[in-house]
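Chemist: First the structure, then my questions, so here it is.
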Amino acid sequence: MNTVQYAEEIINELQRSVSRLPVQEAEELAERVLRAKRIFLAGAGRSGLMGRAFAMRLMHAGKEAYVVGETVTPGIADGDLLILGSGSGETQSLIAMANKAKALGAGVAALTINPESTIGRLANDTVKLPGAPKDQAAGSGSTIQPMASLFEQTLLLFYDAVILRLMDKTGQTTTQMFGKHANLE
């Protein structure tokens, strides 16, 4: 295959992946995000980058959103929501975050391939995303892509879909959100 054919196959994989997203779990997460006082995002590696992108869009949508580990991130508290993106659901640093958030009264949401994982069991809300883990040993779909790429791409698409749902529920427009975009450049 050439580069364009690979891109086309990635799109085909994403279409199959998105068609398997759980509607009820997705709607519950969107509601939970709307109700949260503040939202905290975390994930390791590329999953963490997808969380950073989601935090930015949440800010544009008028939500108070933070990326765990940044110097300006406040402490999490009761009424807040920690969203963890983890394909395996077994990333030790994220497990520690989930335990700490729960101990402080915050809600925890897990976006994972494996809802039966440690993070999935700790979470108040779990959204099962299709994809393959880094080691490709298990997962709900085959992929030509390396490691957890399909999960990470599906995670970003899912986060963007949640933003669109929030916009729909709050009556926000792209123009309104653009008003919150960085303007110091």
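Just so we're on the same page: first chain in the structure tokens is A, next is B, and so on; residues restart at 1 for each chain, and ligands are numbered from 1 in the order they show up.
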Can you tell me which residues surround region 164-167 of chain A at a distance of at most 9 Å, considering only C-alpha atoms, apart from same-chain residues fewer than 4 positions away, and format the answer as a list in words?
Modeler: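 Selected residues are Glu27, Ala30, Glu31, Val33, Leu34, Ala61, Tyr159, Asp160, Gly171, Gln172, Thr173 and Thr174 of chain A.
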Chemist: Residues at most 6 Å from region 70-81 of chain A, counting only C-alpha atoms, excluding those fewer than 4 positions away in the same chain, as a ChimeraX atom specification?
Modeler: /A:36-39,66,104-108
Chemist: Deliver the residues from the most recent selection as a file, using N, CA, C and O atoms, as a tab-separated table (two decimals), in the first residue's frame.
Modeler:
```tsv
chain	number	residue	atom	x	y	z
A	36	ALA	N	-20.34	18.75	36.23
A	36	ALA	CA	-19.12	18.86	37.03
A	36	ALA	C	-18.76	20.32	37.31
A	36	ALA	O	-18.88	21.18	36.43
A	37	LYS	N	-18.32	20.55	38.52
A	37	LYS	CA	-17.84	21.88	38.88
A	37	LYS	C	-16.59	22.22	38.06
A	37	LYS	O	-16.52	23.26	37.42
A	38	ARG	N	-15.62	21.32	38.10
A	38	ARG	CA	-14.40	21.46	37.32
A	38	ARG	C	-14.06	20.09	36.75
A	38	ARG	O	-14.44	19.06	37.32
A	39	ILE	N	-13.32	20.08	35.64
A	39	ILE	CA	-12.96	18.83	34.99
A	39	ILE	C	-11.44	18.74	34.91
A	39	ILE	O	-10.78	19.70	34.51
A	66	TYR	N	-8.78	21.38	33.48
A	66	TYR	CA	-7.35	21.36	33.80
A	66	TYR	C	-6.72	20.04	33.36
A	66	TYR	O	-7.38	19.01	33.34
A	104	LEU	N	-11.00	12.23	47.75
A	104	LEU	CA	-11.32	13.64	47.96
A	104	LEU	C	-12.75	13.99	47.54
A	104	LEU	O	-13.14	15.15	47.56
A	105	GLY	N	-13.52	13.00	47.14
A	105	GLY	CA	-14.93	13.22	46.82
A	105	GLY	C	-15.22	13.56	45.38
A	105	GLY	O	-16.35	13.89	45.03
A	106	ALA	N	-14.21	13.50	44.51
A	106	ALA	CA	-14.43	13.80	43.09
A	106	ALA	C	-14.92	12.55	42.37
A	106	ALA	O	-14.67	11.43	42.79
A	107	GLY	N	-15.62	12.77	41.27
A	107	GLY	CA	-16.03	11.67	40.42
A	107	GLY	C	-14.88	11.27	39.51
A	107	GLY	O	-13.99	12.07	39.22
A	108	VAL	N	-14.92	10.03	39.05
A	108	VAL	CA	-13.90	9.52	38.14
A	108	VAL	C	-14.59	8.88	36.94
A	108	VAL	O	-15.53	8.09	37.11
```
Chemist: Pick out the closest residue to Ala96 (chain A) from this set: A:Ile119, A:Ala26, A:Ala65, A:Ile83. Count only C-alpha atoms.
Modeler: A:Ile119
Chemist: Please identify all polymer residues within 9 Å of Asn114 (chain A), counting only C-alpha atoms, omitting same-chain residues fewer than 5 positions from it, and present them as a PDB file with all heavy atoms, in the first residue's frame.
Modeler:
```pdb
ATOM      1  N   SER A  86      -7.205   5.669  29.216  1.00  0.00           N
ATOM      2  CA  SER A  86      -6.206   4.614  29.362  1.00  0.00           C
ATOM      3  C   SER A  86      -6.674   3.374  28.617  1.00  0.00           C
ATOM      4  O   SER A  86      -7.666   2.760  29.006  1.00  0.00           O
ATOM      5  CB  SER A  86      -5.997   4.263  30.841  1.00  0.00           C
ATOM      6  OG  SER A  86      -5.132   3.151  30.982  1.00  0.00           O
ATOM      7  N   GLY A  87      -5.965   3.018  27.562  1.00  0.00           N
ATOM      8  CA  GLY A  87      -6.342   1.836  26.803  1.00  0.00           C
ATOM      9  C   GLY A  87      -6.411   0.602  27.675  1.00  0.00           C
ATOM     10  O   GLY A  87      -7.430  -0.085  27.725  1.00  0.00           O
ATOM     11  N   SER A  88      -5.357   0.335  28.401  1.00  0.00           N
ATOM     12  CA  SER A  88      -5.298  -0.870  29.238  1.00  0.00           C
ATOM     13  C   SER A  88      -6.127  -0.740  30.502  1.00  0.00           C
ATOM     14  O   SER A  88      -6.615  -1.732  31.034  1.00  0.00           O
ATOM     15  CB  SER A  88      -3.851  -1.168  29.631  1.00  0.00           C
ATOM     16  OG  SER A  88      -3.371  -0.184  30.546  1.00  0.00           O
ATOM     17  N   GLY A  89      -6.222   0.481  31.023  1.00  0.00           N
ATOM     18  CA  GLY A  89      -6.881   0.685  32.308  1.00  0.00           C
ATOM     19  C   GLY A  89      -6.028   0.239  33.479  1.00  0.00           C
ATOM     20  O   GLY A  89      -6.510   0.137  34.605  1.00  0.00           O
ATOM     21  N   ILE A 119      -8.688   0.652  36.659  1.00  0.00           N
ATOM     22  CA  ILE A 119      -9.240   2.005  36.505  1.00  0.00           C
ATOM     23  C   ILE A 119     -10.732   1.929  36.199  1.00  0.00           C
ATOM     24  O   ILE A 119     -11.520   2.702  36.751  1.00  0.00           O
ATOM     25  CB  ILE A 119      -8.472   2.793  35.424  1.00  0.00           C
ATOM     26  CG1 ILE A 119      -7.042   3.081  35.910  1.00  0.00           C
ATOM     27  CG2 ILE A 119      -9.202   4.089  35.057  1.00  0.00           C
ATOM     28  CD1 ILE A 119      -6.113   3.652  34.857  1.00  0.00           C
ATOM     29  N   GLY A 120     -11.123   0.998  35.360  1.00  0.00           N
ATOM     30  CA  GLY A 120     -12.542   0.831  35.045  1.00  0.00           C
ATOM     31  C   GLY A 120     -13.371   0.521  36.277  1.00  0.00           C
ATOM     32  O   GLY A 120     -14.473   1.055  36.453  1.00  0.00           O
ATOM     33  N   LYS A 128     -16.505   2.338  27.268  1.00  0.00           N
ATOM     34  CA  LYS A 128     -15.674   1.342  26.587  1.00  0.00           C
ATOM     35  C   LYS A 128     -15.439   1.801  25.158  1.00  0.00           C
ATOM     36  O   LYS A 128     -16.383   1.957  24.383  1.00  0.00           O
ATOM     37  CB  LYS A 128     -16.347  -0.024  26.598  1.00  0.00           C
ATOM     38  CG  LYS A 128     -15.527  -1.112  25.905  1.00  0.00           C
ATOM     39  CD  LYS A 128     -16.243  -2.446  25.976  1.00  0.00           C
ATOM     40  CE  LYS A 128     -15.581  -3.594  25.274  1.00  0.00           C
ATOM     41  NZ  LYS A 128     -14.218  -3.545  24.904  1.00  0.00           N
ATOM     42  N   LEU A 129     -14.181   2.049  24.835  1.00  0.00           N
ATOM     43  CA  LEU A 129     -13.824   2.455  23.487  1.00  0.00           C
ATOM     44  C   LEU A 129     -13.202   1.276  22.748  1.00  0.00           C
ATOM     45  O   LEU A 129     -12.404   0.540  23.320  1.00  0.00           O
ATOM     46  CB  LEU A 129     -12.832   3.622  23.512  1.00  0.00           C
ATOM     47  CG  LEU A 129     -13.303   4.921  24.136  1.00  0.00           C
ATOM     48  CD1 LEU A 129     -12.228   5.979  23.982  1.00  0.00           C
ATOM     49  CD2 LEU A 129     -14.593   5.395  23.523  1.00  0.00           C
ATOM     50  N   GLY A 139      -8.264  -6.845  22.608  1.00  0.00           N
ATOM     51  CA  GLY A 139      -8.932  -5.672  22.062  1.00  0.00           C
ATOM     52  C   GLY A 139     -10.153  -6.076  21.288  1.00  0.00           C
ATOM     53  O   GLY A 139     -10.382  -7.245  21.009  1.00  0.00           O
TER      54      GLY A 139
END
```
Chemist: Which one of A:Leu14, A:Glu90, A:Met56, A:Thr170 sits closest to Leu157 (chain A) if you count only C-alpha atoms?
Modeler: A:Leu14
Chemist: Excluding same-chain residues fewer than 4 positions from Leu21 (chain A), what lies within 10 Å of it counting only C-alpha atoms, as a list of chain:residue names?
Modeler: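 The contact residues come out as A:Arg16, A:Ser17, A:Glu25, A:Ala26, A:Val127, A:Lys128, A:Leu129, A:Pro130, A:Thr154, A:Phe158.
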Chemist: To one decimal place in Å, what is the distance between CA of Ile10 (chain A) and CA of Ser47 (chain A)?
Modeler: 17.5 Å
